[in-house]
Protein chains: 2
Amino acid sequence: MARVGGPDAVVLREATRQAVVSPNAAYRHFANQAALLDAVRSVCLSRLAAAIEEEMSKTRLGRDPQVFARKSLRAVGMGYLGFAMREPGMFRTAFSVPPTVDSPNPANTASMGLNPFELLSLALNRMQESGLLTKKDRKDAEYLAWSTVHGLALLVLEGPLHKMPHERVLALGERLVTMVERGLS
Amino acid sequence: MARVGGPDAVVLREATRQAVVSPNAAYRHFANQAALLDAVRSVCLSRLAAAIEEEMSKTRLGRDPQVFARKSLRAVGMGYLGFAMREPGMFRTAFSVPPTVDSPNPANTASMGLNPFELLSLALNRMQESGLLTKKDRKDAEYLAWSTVHGLALLVLEGPLHKMPHERVLALGERLVTMVERGLS
DNA sequence: CGGTAAAGTAAACGCTGTCCACATACACTA
DNA sequence: TAGTGTATGTGGACAGCGTTTACTTTACCG
């Protein structure tokens, strides 16, 4: 339901209907519909993490660690954006209601055991380790980088840019990551 | 209602209640609740435009047009972010459902007659005119710049960063605008 | 004075989340 | 083996929501 219609579509009664069960049966498994949505969101975050991981796995550590770091950051950004375009409902659900960033719920992770935010941190660490980022610039850089792609994703999914064709969005995403790379330091 | 509770709080029946009127009376003024929300969103966008304008009005054209251009862009970004922090409900309402960017509804503007997007374009034009931006880099730059502040605003308002203190958010905003300035070209 | 259009009302429908009391079914223990 | 407790599911009800249909009031203008 979240996949198709986003957070508003995850409605308790409909879930029980699909389970061929009475509406109240849901209350044996979730305290209320907010708790149900919470569980769904957790799944969506895991899927997002998986999408980012897959994008990251395409680049292996080679000769130049700086190239690797750049590619990692790019992978996180484009993986994020790609998931948002491929699974708009799940993406919107994943960020529909605030779980704090510093509560590493293991249920939000994929195979690497890192949630999306931690994957971003990983990429930025590689930037710093390879000398692309000073310690000072590294600080809070995840928030800056995250804001950019998240903003684009939301403007496209549920904002004024929703009519923009996908390939143009992805092209903008590329420019965006480049902008982050250049602008962070 | 939007101011206090965001888009979900603008409920038709409650509006009629506050107007001391029967629920159906609303249908003499709005086709349905979506139309009502549309009207509310329009107001919210105007307020946002006004907030940006006010921030922009603090900087006047001086000696150096490049300084002016930079300050303009900064004003748009920080005006945007400031409004989001001051009026979270209205901000969330303003972007709750997609009106396309290229439908210049005059109702969305403030005193200058420009909607928020057009105000951003104005600032970027100043960047180009003063030589800070090449024609090529100018293209679609509004989407890149917009994405960044919008993303931060949403991560804070209804995302995982909602517990971050305001002053830290604004500090991040400053860095963000700097990143855009540097990263656009 | 009369007719027309705008605004408001009343009752009803189906949908939602949620609470209450009650039924079953399985497991483990005395 | 009998019995009890916990997990799960059911049925009925309630309030709130958006929306429709049909009816009433109000105000104005020729």
# chains A, B, ... in the order shown; residues from 1 in each chain; ligands from 1
call {"tool": "interface_residues", "arguments": {"of": "chain B", "to": "chain C", "cutoff": "12 Å", "atoms": "only C-alpha atoms (C1' of nucleotides)", "output": "number ranges by chain"}}
result
B: 16, 19-29
call {"tool": "write_last_selection", "arguments": {"atoms": "C-alpha atoms", "output": "CSV table (one decimal), in the first residue's frame"}}
result
chain,number,residue,atom,x,y,z
B,16,THR,CA,-17.3,25.4,9.1
B,19,ALA,CA,-17.4,29.9,11.0
B,20,VAL,CA,-20.4,28.9,13.1
B,21,VAL,CA,-22.0,27.4,10.0
B,22,SER,CA,-23.2,24.0,8.9
B,23,PRO,CA,-20.7,21.7,7.3
B,24,ASN,CA,-22.3,21.8,3.9
B,25,ALA,CA,-22.1,25.6,3.7
B,26,ALA,CA,-18.4,25.1,2.7
B,27,TYR,CA,-19.5,23.6,-0.6
B,28,ARG,CA,-20.9,27.0,-1.6
B,29,HIS,CA,-17.4,28.3,-1.6
call {"tool": "select_by_dssp", "arguments": {"residues": "region 43-173 of chain A", "states": "alpha helix (DSSP H)", "output": "VMD selection string"}}
result
chain A and resid 43 to 57 65 to 86 88 to 94 116 to 129 135 to 138 141 to 158 166 to 173
call {"tool": "residues_around", "arguments": {"residues": "region 173-185 of chain A", "least_positions_apart": "2", "cutoff": "8 Å", "atoms": "only C-alpha atoms (C1' of nucleotides)", "output": "list in words"}}
result
Arg70, Leu73, Arg74, Gly77, Met78, Leu81, Leu132, Leu133, Thr134, Asp137, Ala141, Leu144, Ala145, Thr148, Val149, Leu152, Val169, Leu170 and Ala171 of chain A; Leu144, Thr178, Met179, Val180, Glu181, Arg182, Gly183 and Leu184 of chain B
call {"tool": "closest_atom_pairs", "arguments": {"of": "chain D", "to": "chain A", "cutoff": "8 Å", "atoms": "only C-alpha atoms (C1' of nucleotides)", "output": "tab-separated table"}}
result
residue	atom	partner	partner_atom	distance
D:DT8	C1'	A:Arg28	CA	6.9
D:DG9	C1'	A:Ala25	CA	5.7
D:DT10	C1'	A:Ser22	CA	6.8
call {"tool": "closest_residue", "arguments": {"among": "B:Asp8, B:Gly82, B:Met1, B:Gln66", "to": "chain A", "atoms": "only C-alpha atoms"}}
result
B:Asp8
call {"tool": "atom_distance", "arguments": {"atom1": "CA of Ser96 (chain A)", "atom2": "CA of Pro165 (chain B)"}}
result
20.4 Å
call {"tool": "residues_around", "arguments": {"residues": "Arg3 (chain B)", "least_positions_apart": "5", "cutoff": "10 Å", "atoms": "only C-alpha atoms (C1' of nucleotides)", "output": "list in words"}}
result
Ala9, Val10, Val40, Cys44, Glu87, Pro88, Gly89, Met90, Phe91, Arg92 and Thr93 of chain B
call {"tool": "write_last_selection", "arguments": {"atoms": "C-alpha atoms", "output": "short mmCIF file (atom, residue, chain, number, x, y, z; two decimals), in the first residue's frame"}}
result
data_model
loop_
_atom_site.label_atom_id
_atom_site.label_comp_id
_atom_site.auth_asym_id
_atom_site.auth_seq_id
_atom_site.Cartn_x
_atom_site.Cartn_y
_atom_site.Cartn_z
CA ALA B 9 -5.07 20.08 10.00
CA VAL B 10 -7.03 22.00 7.43
CA VAL B 40 -4.98 27.86 1.86
CA CYS B 44 0.89 30.21 2.49
CA GLU B 87 5.96 29.13 10.39
CA PRO B 88 6.44 25.40 10.02
CA GLY B 89 2.75 24.70 9.56
CA MET B 90 2.34 27.20 6.77
CA PHE B 91 5.56 26.13 5.10
CA ARG B 92 4.56 22.49 5.09
CA THR B 93 1.16 23.46 3.78
#
call {"tool": "residues_around", "arguments": {"residues": "Ile52 (chain B)", "least_positions_apart": "3", "cutoff": "10 Å", "atoms": "only C-alpha atoms (C1' of nucleotides)", "output": "JSON, numbers by chain"}}
result
{"B": [46, 47, 48, 49, 55, 56, 57, 72, 75, 76, 77, 78, 79, 80, 81, 82, 83, 110, 115, 116, 119, 120]}
call {"tool": "write_last_selection", "arguments": {"atoms": "C-alpha atoms", "output": "JSON list (two decimals), in the first residue's frame"}}
result
[["chain", "number", "residue", "atom", "x", "y", "z"],
["B", 46, "SER", "CA", 2.23, 34.39, -0.57],
["B", 47, "ARG", "CA", 3.44, 34.61, 2.99],
["B", 48, "LEU", "CA", 6.59, 32.78, 2.02],
["B", 49, "ALA", "CA", 7.15, 35.18, -0.85],
["B", 55, "GLU", "CA", 14.93, 39.47, 3.67],
["B", 56, "MET", "CA", 15.94, 40.72, 0.22],
["B", 57, "SER", "CA", 14.92, 44.27, 0.99],
["B", 72, "SER", "CA", 20.55, 38.53, -2.90],
["B", 75, "ALA", "CA", 18.67, 36.51, 1.27],
["B", 76, "VAL", "CA", 16.47, 34.19, -0.76],
["B", 77, "GLY", "CA", 17.93, 31.13, 0.88],
["B", 78, "MET", "CA", 17.84, 32.43, 4.41],
["B", 79, "GLY", "CA", 14.44, 34.05, 3.95],
["B", 80, "TYR", "CA", 13.14, 30.71, 2.78],
["B", 81, "LEU", "CA", 14.68, 28.86, 5.67],
["B", 82, "GLY", "CA", 13.69, 31.46, 8.21],
["B", 83, "PHE", "CA", 10.08, 31.29, 7.17],
["B", 110, "ALA", "CA", 3.67, 39.22, -2.36],
["B", 115, "ASN", "CA", 6.35, 33.98, -6.30],
["B", 116, "PRO", "CA", 9.15, 32.37, -4.30],
["B", 119, "LEU", "CA", 12.40, 35.60, -6.49],
["B", 120, "LEU", "CA", 15.11, 32.96, -6.60]]
